[in-house]
Each structure stands twice: as C-alpha cells, then as structure tokens.
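File shown: start-v6.pdb (PDB, C-alpha atoms and all ligand atoms).
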```pdb
ATOM      1  CA  MET A1154      27.512  21.043   7.941  1.00  0.00           C
ATOM      2  CA  SER A1155      23.916  19.923   8.381  1.00  0.00           C
ATOM      3  CA  VAL A1156      22.351  17.266   6.190  1.00  0.00           C
ATOM      4  CA  GLU A1157      18.830  18.006   5.030  1.00  0.00           C
ATOM      5  CA  GLN A1158      16.358  15.407   6.219  1.00  0.00           C
ATOM      6  CA  PRO A1159      13.884  13.856   3.772  1.00  0.00           C
ATOM      7  CA  PHE A1160      10.484  15.525   3.854  1.00  0.00           C
ATOM      8  CA  TRP A1161       8.788  12.484   5.423  1.00  0.00           C
ATOM      9  CA  HIS A1162      10.724  13.140   8.620  1.00  0.00           C
ATOM     10  CA  LYS A1163       8.775  16.377   9.080  1.00  0.00           C
ATOM     11  CA  PRO A1164       5.655  16.488  11.268  1.00  0.00           C
ATOM     12  CA  LEU A1165       2.655  15.485   9.153  1.00  0.00           C
ATOM     13  CA  THR A1166       0.975  18.823   9.743  1.00  0.00           C
ATOM     14  CA  GLN A1167       3.916  20.660   8.167  1.00  0.00           C
ATOM     15  CA  MET A1168       3.781  18.837   4.844  1.00  0.00           C
ATOM     16  CA  THR A1169       2.653  20.465   1.642  1.00  0.00           C
ATOM     17  CA  GLU A1170      -0.268  18.918  -0.217  1.00  0.00           C
ATOM     18  CA  GLN A1171       2.183  17.525  -2.765  1.00  0.00           C
ATOM     19  CA  GLU A1172       4.358  15.940  -0.066  1.00  0.00           C
ATOM     20  CA  TRP A1173       1.302  14.508   1.649  1.00  0.00           C
ATOM     21  CA  GLU A1174       0.073  12.887  -1.555  1.00  0.00           C
ATOM     22  CA  ALA A1175       3.554  11.522  -2.296  1.00  0.00           C
ATOM     23  CA  LEU A1176       3.548   9.674   1.040  1.00  0.00           C
ATOM     24  CA  CYS A1177       0.823   7.300  -0.084  1.00  0.00           C
ATOM     25  CA  ASP A1178       2.478   3.985  -0.925  1.00  0.00           C
ATOM     26  CA  GLY A1179      -0.254   3.125  -3.412  1.00  0.00           C
ATOM     27  CA  CYS A1180      -0.826  -0.289  -1.852  1.00  0.00           C
ATOM     28  CA  GLY A1181      -4.577  -0.133  -2.473  1.00  0.00           C
ATOM     29  CA  LYS A1182      -5.434  -1.852   0.819  1.00  0.00           C
ATOM     30  CA  CYS A1183      -7.586   1.049   1.968  1.00  0.00           C
ATOM     31  CA  CYS A1184      -9.744   0.543  -1.149  1.00  0.00           C
ATOM     32  CA  LEU A1185     -10.877  -2.905  -0.020  1.00  0.00           C
ATOM     33  CA  ASN A1186     -14.334  -3.460   1.412  1.00  0.00           C
ATOM     34  CA  LYS A1187     -14.115  -3.935   5.150  1.00  0.00           C
ATOM     35  CA  LEU A1188     -16.333  -5.271   7.907  1.00  0.00           C
ATOM     36  CA  ILE A1189     -16.188  -3.610  11.312  1.00  0.00           C
ATOM     37  CA  ASP A1190     -17.478  -5.319  14.452  1.00  0.00           C
ATOM     38  CA  ASP A1191     -19.826  -2.841  16.145  1.00  0.00           C
ATOM     39  CA  ASP A1192     -19.012  -4.163  19.597  1.00  0.00           C
ATOM     40  CA  THR A1193     -15.247  -4.547  19.444  1.00  0.00           C
ATOM     41  CA  GLU A1194     -14.524  -2.147  16.549  1.00  0.00           C
ATOM     42  CA  GLU A1195     -12.254  -4.840  15.126  1.00  0.00           C
ATOM     43  CA  VAL A1196     -11.630  -4.391  11.394  1.00  0.00           C
ATOM     44  CA  TYR A1197     -11.854  -7.306   8.944  1.00  0.00           C
ATOM     45  CA  PHE A1198     -10.498  -6.756   5.454  1.00  0.00           C
ATOM     46  CA  THR A1199     -11.985  -8.551   2.461  1.00  0.00           C
ATOM     47  CA  ASN A1200     -10.523  -9.160  -0.977  1.00  0.00           C
ATOM     48  CA  VAL A1201     -13.388  -7.267  -2.605  1.00  0.00           C
ATOM     49  CA  ALA A1202     -12.077  -3.977  -3.981  1.00  0.00           C
ATOM     50  CA  CYS A1203     -13.769  -0.714  -4.780  1.00  0.00           C
ATOM     51  CA  GLN A1204     -15.103  -0.560  -8.317  1.00  0.00           C
ATOM     52  CA  LEU A1205     -12.559   2.149  -9.230  1.00  0.00           C
ATOM     53  CA  LEU A1206      -9.466   0.259  -8.106  1.00  0.00           C
ATOM     54  CA  ASN A1207      -7.147  -1.006 -10.824  1.00  0.00           C
ATOM     55  CA  ASP A1208      -5.892  -4.330  -9.448  1.00  0.00           C
ATOM     56  CA  LYS A1209      -2.679  -4.255 -11.484  1.00  0.00           C
ATOM     57  CA  THR A1210      -1.445  -0.743 -10.756  1.00  0.00           C
ATOM     58  CA  CYS A1211      -3.265  -0.719  -7.371  1.00  0.00           C
ATOM     59  CA  GLU A1212      -4.276   2.856  -8.130  1.00  0.00           C
ATOM     60  CA  CYS A1213      -7.646   4.561  -8.250  1.00  0.00           C
ATOM     61  CA  SER A1214      -8.700   4.799 -11.883  1.00  0.00           C
ATOM     62  CA  ARG A1215     -10.390   8.174 -11.305  1.00  0.00           C
ATOM     63  CA  TYR A1216      -8.546   9.627  -8.351  1.00  0.00           C
ATOM     64  CA  ASP A1217      -9.201  13.309  -9.063  1.00  0.00           C
ATOM     65  CA  THR A1218     -12.939  12.858  -9.614  1.00  0.00           C
ATOM     66  CA  ARG A1219     -13.501   9.796  -7.420  1.00  0.00           C
ATOM     67  CA  PHE A1220     -16.080  11.423  -5.158  1.00  0.00           C
ATOM     68  CA  ASN A1221     -18.410  11.779  -8.148  1.00  0.00           C
ATOM     69  CA  TYR A1222     -18.472   7.984  -8.424  1.00  0.00           C
ATOM     70  CA  VAL A1223     -17.782   6.839  -4.873  1.00  0.00           C
ATOM     71  CA  PRO A1224     -19.178   9.493  -2.537  1.00  0.00           C
ATOM     72  CA  ASP A1225     -18.131   7.580   0.578  1.00  0.00           C
ATOM     73  CA  CYS A1226     -14.464   7.395  -0.439  1.00  0.00           C
ATOM     74  CA  TYR A1227     -12.501   8.874   2.439  1.00  0.00           C
ATOM     75  CA  LYS A1228      -9.717  11.438   2.186  1.00  0.00           C
ATOM     76  CA  VAL A1229      -6.989  10.836   4.723  1.00  0.00           C
ATOM     77  CA  THR A1230      -5.570  14.073   6.117  1.00  0.00           C
ATOM     78  CA  PRO A1231      -3.050  15.016   8.821  1.00  0.00           C
ATOM     79  CA  ASP A1232      -6.005  15.943  11.038  1.00  0.00           C
ATOM     80  CA  ASN A1233      -7.980  12.719  10.721  1.00  0.00           C
ATOM     81  CA  VAL A1234      -5.254  10.090  10.263  1.00  0.00           C
ATOM     82  CA  GLY A1235      -5.217   9.272  13.962  1.00  0.00           C
ATOM     83  CA  THR A1236      -8.952   8.604  14.022  1.00  0.00           C
ATOM     84  CA  ILE A1237      -9.228   6.091  11.145  1.00  0.00           C
ATOM     85  CA  ALA A1238      -9.159   2.640  12.701  1.00  0.00           C
ATOM     86  CA  TRP A1239      -9.461   0.828   9.368  1.00  0.00           C
ATOM     87  CA  LEU A1240      -6.190   2.054   7.872  1.00  0.00           C
ATOM     88  CA  PRO A1241      -3.944  -1.016   7.566  1.00  0.00           C
ATOM     89  CA  THR A1242      -0.957  -1.076   9.893  1.00  0.00           C
ATOM     90  CA  SER A1243       1.328  -0.921   6.847  1.00  0.00           C
ATOM     91  CA  CYS A1244      -0.269   2.324   5.624  1.00  0.00           C
ATOM     92  CA  ALA A1245       2.402   5.004   5.281  1.00  0.00           C
ATOM     93  CA  TYR A1246       0.165   7.627   6.876  1.00  0.00           C
ATOM     94  CA  ARG A1247      -0.613   5.395   9.832  1.00  0.00           C
ATOM     95  CA  ARG A1248       3.021   4.391  10.231  1.00  0.00           C
ATOM     96  CA  LEU A1249       4.218   8.004  10.288  1.00  0.00           C
ATOM     97  CA  HIS A1250       1.406   9.067  12.604  1.00  0.00           C
ATOM     98  CA  GLU A1251       2.468   6.297  15.003  1.00  0.00           C
ATOM     99  CA  GLY A1252       6.134   7.316  14.734  1.00  0.00           C
ATOM    100  CA  ARG A1253       7.178   4.083  12.975  1.00  0.00           C
ATOM    101  CA  GLY A1254       8.730   5.695   9.881  1.00  0.00           C
ATOM    102  CA  LEU A1255       8.507   4.410   6.330  1.00  0.00           C
ATOM    103  CA  PRO A1256       9.389   0.766   5.606  1.00  0.00           C
ATOM    104  CA  SER A1257      12.274  -0.270   3.345  1.00  0.00           C
ATOM    105  CA  TRP A1258       9.827  -1.330   0.593  1.00  0.00           C
ATOM    106  CA  HIS A1259       8.139   2.101   0.382  1.00  0.00           C
ATOM    107  CA  HIS A1260       8.801   3.777  -2.967  1.00  0.00           C
ATOM    108  CA  LEU A1261      10.280   6.894  -1.359  1.00  0.00           C
ATOM    109  CA  VAL A1262      12.913   4.707   0.325  1.00  0.00           C
ATOM    110  CA  ALA A1263      13.306   1.952  -2.295  1.00  0.00           C
ATOM    111  CA  GLY A1264      13.143   4.282  -5.300  1.00  0.00           C
ATOM    112  CA  ASN A1265      10.176   2.612  -6.968  1.00  0.00           C
ATOM    113  CA  LYS A1266       7.098   0.516  -6.184  1.00  0.00           C
ATOM    114  CA  SER A1267       8.419  -2.847  -7.291  1.00  0.00           C
ATOM    115  CA  GLN A1268       9.575  -3.906  -3.806  1.00  0.00           C
ATOM    116  CA  MET A1269       6.107  -3.226  -2.430  1.00  0.00           C
ATOM    117  CA  HIS A1270       4.530  -5.474  -5.035  1.00  0.00           C
ATOM    118  CA  LYS A1271       7.265  -8.136  -4.821  1.00  0.00           C
ATOM    119  CA  GLN A1272       6.985  -8.393  -1.062  1.00  0.00           C
ATOM    120  CA  GLY A1273       3.217  -8.757  -1.259  1.00  0.00           C
ATOM    121  CA  MET A1274       2.479  -5.484   0.470  1.00  0.00           C
ATOM    122  CA  SER A1275      -0.011  -4.308  -2.152  1.00  0.00           C
ATOM    123  CA  VAL A1276      -3.313  -5.694  -3.408  1.00  0.00           C
ATOM    124  CA  ARG A1277      -1.885  -6.519  -6.813  1.00  0.00           C
ATOM    125  CA  ARG A1278      -3.663  -9.491  -8.386  1.00  0.00           C
ATOM    126  CA  LYS A1279      -5.146 -10.602  -5.071  1.00  0.00           C
ATOM    127  CA  VAL A1280      -8.539  -8.970  -5.263  1.00  0.00           C
ATOM    128  CA  LEU A1281     -11.904  -9.043  -6.984  1.00  0.00           C
ATOM    129  CA  SER A1282     -13.785  -5.955  -8.041  1.00  0.00           C
ATOM    130  CA  GLU A1283     -17.058  -5.306  -6.270  1.00  0.00           C
ATOM    131  CA  LEU A1284     -18.498  -5.142  -9.797  1.00  0.00           C
ATOM    132  CA  GLU A1285     -17.615  -8.830 -10.266  1.00  0.00           C
ATOM    133  CA  VAL A1286     -19.049  -9.834  -6.923  1.00  0.00           C
ATOM    134  CA  GLY A1287     -22.391  -8.145  -7.538  1.00  0.00           C
ATOM    135  CA  PRO A1288     -24.676  -6.113  -5.299  1.00  0.00           C
ATOM    136  CA  ASP A1289     -25.010  -6.918  -1.574  1.00  0.00           C
ATOM    137  CA  PRO A1290     -22.551  -9.823  -1.392  1.00  0.00           C
ATOM    138  CA  ASP A1291     -22.098 -11.710   1.862  1.00  0.00           C
ATOM    139  CA  LEU A1292     -18.724 -10.178   2.627  1.00  0.00           C
ATOM    140  CA  PHE A1293     -18.019 -12.630   5.450  1.00  0.00           C
ATOM    141  CA  GLY A1294     -17.052 -15.164   2.813  1.00  0.00           C
ATOM    142  CA  PHE A1295     -14.422 -12.806   1.419  1.00  0.00           C
ATOM    143  CA  ILE A1296     -12.507 -11.999   4.610  1.00  0.00           C
ATOM    144  CA  VAL A1297      -8.711 -12.226   4.140  1.00  0.00           C
ATOM    145  CA  LEU A1298      -5.792 -11.770   6.515  1.00  0.00           C
ATOM    146  CA  TRP A1299      -2.994 -10.662   4.178  1.00  0.00           C
ATOM    147  CA  PRO A1300      -3.936  -6.934   4.340  1.00  0.00           C
ATOM    148  CA  LEU A1301      -2.835  -7.068   7.997  1.00  0.00           C
ATOM    149  CA  ASP A1302       0.741  -7.906   6.987  1.00  0.00           C
ATOM    150  CA  ASP A1303       3.322  -5.271   7.785  1.00  0.00           C
ATOM    151  CA  LEU A1304       7.043  -5.431   7.038  1.00  0.00           C
ATOM    152  CA  ASP A1305       9.823  -2.998   7.897  1.00  0.00           C
TER
HETATM  153  S1  LIG A1401      -3.384   2.167   2.815  1.00  0.00           S
HETATM  154 FE1  LIG A1401      -2.495   4.181   3.125  1.00  0.00          FE
HETATM  155  S2  LIG A1401      -0.588   4.147   1.994  1.00  0.00           S
HETATM  156 FE2  LIG A1401      -1.816   2.397   1.217  1.00  0.00          FE
HETATM  157  S3  LIG A1401      -2.941   3.246  -0.543  1.00  0.00           S
HETATM  158 FE3  LIG A1401      -4.239   3.532   1.267  1.00  0.00          FE
HETATM  159  S4  LIG A1401      -3.792   5.608   2.015  1.00  0.00           S
HETATM  160 FE4  LIG A1401      -2.138   5.001   0.616  1.00  0.00          FE
HETATM  161  S1  LIG A1402     -12.738   5.763  -5.079  1.00  0.00           S
HETATM  162 FE1  LIG A1402     -10.615   5.352  -5.597  1.00  0.00          FE
HETATM  163  S2  LIG A1402      -9.446   5.986  -3.764  1.00  0.00           S
HETATM  164 FE2  LIG A1402     -11.605   5.770  -3.166  1.00  0.00          FE
HETATM  165  S3  LIG A1402     -11.811   3.670  -2.387  1.00  0.00           S
HETATM  166 FE3  LIG A1402     -12.345   3.638  -4.576  1.00  0.00          FE
HETATM  167  S4  LIG A1402     -10.416   3.120  -5.630  1.00  0.00           S
HETATM  168 FE4  LIG A1402      -9.890   3.772  -3.555  1.00  0.00          FE
END
```
Please rewrite the model in this file as structure tokens.
Amino acid sequence: MSVEQPFWHKPLTQMTEQEWEALCDGCGKCCLNKLIDDDTEEVYFTNVACQLLNDKTCECSRYDTRFNYVPDCYKVTPDNVGTIAWLPTSCAYRRLHEGRGLPSWHHLVAGNKSQMHKQGMSVRRKVLSELEVGPDPDLFGFIVLWPLDDLD
C-alpha cells in the first residue's frame, strides 16, 4: 500500500496555482524594504515594511490588486524562485527550491500559523510602515538582522 505524499513534496513546477499559493508561509519578510550592495550583492533587510503590509496578520492588505498600488511588488514563481537573491533563507519557496523542505513551524506542517509567530519567524509587531517613516528615508539606520533567522 502506498502512502500519498503531501503536495509540497512534489517538484515546484508540478504544483497547481492553488498549491503554489498555499506554500507561502505568510511571514511578511519579503515585504520589507531591503538594501542590496551593488558590489557584493549582499542583501540587508530593514524593519521598514511595504505600505500594504498588515503588521499584525503579516499579510498584504490588497493582495489581489497589489500591483495597482505597488507596481514593483514581485511575484515569486517556480521559474524565477532560484534567481531571487533577496528571498529570506526561511522563505518556504526558497527552502523547497534548495531542497531543504518545510520547517516544523510552517502552517502546512504545524497546522496553523501560531508557531511561526511564536518562534519569531514572521514580521509580526517588529516593523514600521514605510508610510510612518516618510519619503526617502535613510534606510541604513533601519537595518535589522532578525529576518535572516531560519529555524527547522
Ligand atoms: S518570504 Fe516567502 S514564504 Fe515568507 S511571505 Fe514572502 S514569499 Fe511567502
Ligand atoms: S504589495 Fe503586498 S505582497 Fe507586495 S510587497 Fe507590498 S505587502 Fe508585500
């Protein structure tokens, strides 16, 4: 008798759109403003979040129409996931692309998102909105290290 494997064990390119969307852990880290060193391509996360991010739910407040408000929001796909250097190492898409599997705190494994928030793997209550910070802030002063955290 064979046991059916969970869908996130499939190759990314074989997932349905619904499965692909369900993989997102909803951490909100990818919605933080980032600085990228032109020479080294090193990524520095800040605690300044996109204007559409809800810092309690860690979700986009206008996900379906977000490109109308934030044209440079980026859609992660199975084809481009391997090329996006600024995805945090804890990102479910990045983890699966790198063959690391989903962590124990991911909602598909844990059953809900509370472990992610409890273990500090989301942006919940740790960020400012770019609307609060104002136009053209000096983002160097907002660099934070916690988005680099990754736990299995
Ligand atoms: S970092 Fe990855 S898993 Fe987390 S919200 Fe962004 S796309 Fe989803
Ligand atoms: S538009 Fe929504 S999904 Fe895109 S960066 Fe902003 S909060 Fe995140």
query: When the cut-off is 10 Å and you count all atoms listed in the file, which residues lie near ligand LIG 1401 (chain A), shown as a PyMOL selection string?
result: chain A and resi 1174-1185+1211-1213+1227-1230+1234+1239-1248+1259+1274-1276+1300
message: Within 6 Å of ligand LIG 1402 (chain A) (counting all atoms listed in the file), which residues show up? I'd like them as a list in words.
response: Cys1184, Cys1203, Leu1205, Leu1206, Cys1213, Tyr1216, Arg1219, Val1223 and Cys1226 of chain A
query: Selected by the PyMOL selection byres (((chain A and resi 1305) around 6) and not hetatm) in the shown coordinates: which residues, as a PyMOL selection string?
result: chain A and resi 1256-1257+1304
Atom-to-atom span, atom CA of Asp1291 of chain A and atom CA of Asp1191 of chain A, Å: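 So the answer is 17.0 Å.
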message: Using all atoms listed in the file, can you tell me which of A:Lys1209, A:Arg1278, A:Arg1253, A:His1260 comes closest to Asp1303 of chain A?
response: A:Arg1253
message: Using Å and a single decimal, report how far atom CA of Glu1285 of chain A sits from atom CA of Asn1207 of chain A.
response: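 Straight-line distance from atom CA of Asn1207 of chain A to atom CA of Glu1285 of chain A works out to 13.1 Å.
In this model, the gap between atom CA of Val1196 of chain A and atom CA of His1162 of chain A comes to 28.5 Å.
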query: Nearest to Met1168 of chain A: which of A:Val1201, A:Pro1231, A:Glu1194, A:Met1269 is it, counting all atoms listed in the file?
result: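 Checking each candidate against Met1168 of chain A, we get A:Pro1231 as the closest.
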Please fill the gaps in segment 1248-1259 of chain A so it has all heavy atoms, and write that as an mmCIF file, in the coordinates of the input.
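selection_21.cif, written as the output of this step:
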```
data_model
loop_
_atom_site.group_PDB
_atom_site.id
_atom_site.type_symbol
_atom_site.label_atom_id
_atom_site.label_comp_id
_atom_site.auth_asym_id
_atom_site.auth_seq_id
_atom_site.Cartn_x
_atom_site.Cartn_y
_atom_site.Cartn_z
ATOM 1 N N ARG A 1248 1.681 4.640 9.692
ATOM 2 C CA ARG A 1248 3.021 4.391 10.231
ATOM 3 C C ARG A 1248 3.664 5.692 10.711
ATOM 4 O O ARG A 1248 4.240 5.755 11.796
ATOM 5 C CB ARG A 1248 3.915 3.736 9.169
ATOM 6 C CG ARG A 1248 3.576 2.279 8.876
ATOM 7 C CD ARG A 1248 4.571 1.697 7.877
ATOM 8 N NE ARG A 1248 5.900 1.717 8.447
ATOM 9 C CZ ARG A 1248 6.589 0.631 8.814
ATOM 10 N NH1 ARG A 1248 6.075 -0.574 8.638
ATOM 11 N NH2 ARG A 1248 7.776 0.746 9.332
ATOM 12 N N LEU A 1249 3.581 6.747 9.886
ATOM 13 C CA LEU A 1249 4.218 8.004 10.288
ATOM 14 C C LEU A 1249 3.483 8.619 11.469
ATOM 15 O O LEU A 1249 4.113 9.159 12.387
ATOM 16 C CB LEU A 1249 4.261 8.977 9.109
ATOM 17 C CG LEU A 1249 5.208 8.579 7.970
ATOM 18 C CD1 LEU A 1249 5.325 9.699 6.950
ATOM 19 C CD2 LEU A 1249 6.597 8.203 8.471
ATOM 20 N N HIS A 1250 2.166 8.526 11.468
ATOM 21 C CA HIS A 1250 1.406 9.067 12.604
ATOM 22 C C HIS A 1250 1.816 8.370 13.905
ATOM 23 O O HIS A 1250 1.868 8.991 14.967
ATOM 24 C CB HIS A 1250 -0.096 8.888 12.361
ATOM 25 C CG HIS A 1250 -0.924 9.270 13.545
ATOM 26 N ND1 HIS A 1250 -1.128 10.594 13.905
ATOM 27 C CD2 HIS A 1250 -1.568 8.520 14.463
ATOM 28 C CE1 HIS A 1250 -1.871 10.632 14.998
ATOM 29 N NE2 HIS A 1250 -2.146 9.401 15.356
ATOM 30 N N GLU A 1251 2.101 7.063 13.805
ATOM 31 C CA GLU A 1251 2.468 6.297 15.003
ATOM 32 C C GLU A 1251 3.977 6.350 15.282
ATOM 33 O O GLU A 1251 4.465 5.655 16.165
ATOM 34 C CB GLU A 1251 2.014 4.837 14.837
ATOM 35 C CG GLU A 1251 0.484 4.735 14.801
ATOM 36 C CD GLU A 1251 -0.025 3.321 14.520
ATOM 37 O OE1 GLU A 1251 0.801 2.436 14.194
ATOM 38 O OE2 GLU A 1251 -1.240 3.120 14.628
ATOM 39 N N GLY A 1252 4.702 7.146 14.494
ATOM 40 C CA GLY A 1252 6.134 7.316 14.734
ATOM 41 C C GLY A 1252 6.974 6.124 14.307
ATOM 42 O O GLY A 1252 8.093 5.933 14.800
ATOM 43 N N ARG A 1253 6.456 5.291 13.387
ATOM 44 C CA ARG A 1253 7.178 4.083 12.975
ATOM 45 C C ARG A 1253 8.008 4.282 11.716
ATOM 46 O O ARG A 1253 8.690 3.360 11.269
ATOM 47 C CB ARG A 1253 6.190 2.927 12.790
ATOM 48 C CG ARG A 1253 5.581 2.457 14.116
ATOM 49 C CD ARG A 1253 4.734 1.203 13.946
ATOM 50 N NE ARG A 1253 3.491 1.502 13.261
ATOM 51 C CZ ARG A 1253 3.040 0.802 12.227
ATOM 52 N NH1 ARG A 1253 3.733 -0.199 11.750
ATOM 53 N NH2 ARG A 1253 1.895 1.110 11.669
ATOM 54 N N GLY A 1254 7.925 5.441 11.087
ATOM 55 C CA GLY A 1254 8.730 5.695 9.881
ATOM 56 C C GLY A 1254 8.249 4.886 8.685
ATOM 57 O O GLY A 1254 7.334 4.070 8.786
ATOM 58 N N LEU A 1255 8.868 5.144 7.552
ATOM 59 C CA LEU A 1255 8.507 4.410 6.330
ATOM 60 C C LEU A 1255 9.288 3.100 6.261
ATOM 61 O O LEU A 1255 10.454 3.045 6.658
ATOM 62 C CB LEU A 1255 8.816 5.253 5.089
ATOM 63 C CG LEU A 1255 8.009 6.539 4.925
ATOM 64 C CD1 LEU A 1255 8.424 7.251 3.636
ATOM 65 C CD2 LEU A 1255 6.507 6.268 4.924
ATOM 66 N N PRO A 1256 8.685 2.043 5.721
ATOM 67 C CA PRO A 1256 9.389 0.766 5.606
ATOM 68 C C PRO A 1256 10.368 0.772 4.433
ATOM 69 O O PRO A 1256 10.270 1.617 3.531
ATOM 70 C CB PRO A 1256 8.246 -0.225 5.365
ATOM 71 C CG PRO A 1256 7.213 0.586 4.650
ATOM 72 C CD PRO A 1256 7.296 1.970 5.218
ATOM 73 N N SER A 1257 11.254 -0.220 4.405
ATOM 74 C CA SER A 1257 12.274 -0.270 3.345
ATOM 75 C C SER A 1257 11.657 -0.468 1.962
ATOM 76 O O SER A 1257 12.262 -0.106 0.957
ATOM 77 C CB SER A 1257 13.259 -1.402 3.626
ATOM 78 O OG SER A 1257 12.554 -2.627 3.718
ATOM 79 N N TRP A 1258 10.449 -1.057 1.892
ATOM 80 C CA TRP A 1258 9.827 -1.330 0.593
ATOM 81 C C TRP A 1258 9.045 -0.125 0.048
ATOM 82 O O TRP A 1258 8.592 -0.149 -1.086
ATOM 83 C CB TRP A 1258 8.903 -2.555 0.687
ATOM 84 C CG TRP A 1258 7.917 -2.505 1.818
ATOM 85 C CD1 TRP A 1258 8.084 -3.069 3.052
ATOM 86 C CD2 TRP A 1258 6.641 -1.848 1.831
ATOM 87 N NE1 TRP A 1258 6.978 -2.802 3.834
ATOM 88 C CE2 TRP A 1258 6.079 -2.057 3.103
ATOM 89 C CE3 TRP A 1258 5.917 -1.105 0.898
ATOM 90 C CZ2 TRP A 1258 4.829 -1.553 3.475
ATOM 91 C CZ3 TRP A 1258 4.669 -0.596 1.272
ATOM 92 C CH2 TRP A 1258 4.141 -0.818 2.542
ATOM 93 N N HIS A 1259 8.898 0.925 0.840
ATOM 94 C CA HIS A 1259 8.139 2.101 0.382
ATOM 95 C C HIS A 1259 8.877 2.778 -0.778
ATOM 96 O O HIS A 1259 10.103 2.895 -0.752
ATOM 97 C CB HIS A 1259 7.969 3.082 1.544
ATOM 98 C CG HIS A 1259 6.999 4.187 1.268
ATOM 99 N ND1 HIS A 1259 7.304 5.247 0.463
ATOM 100 C CD2 HIS A 1259 5.720 4.374 1.663
ATOM 101 C CE1 HIS A 1259 6.258 6.058 0.388
ATOM 102 N NE2 HIS A 1259 5.278 5.552 1.110
#
```
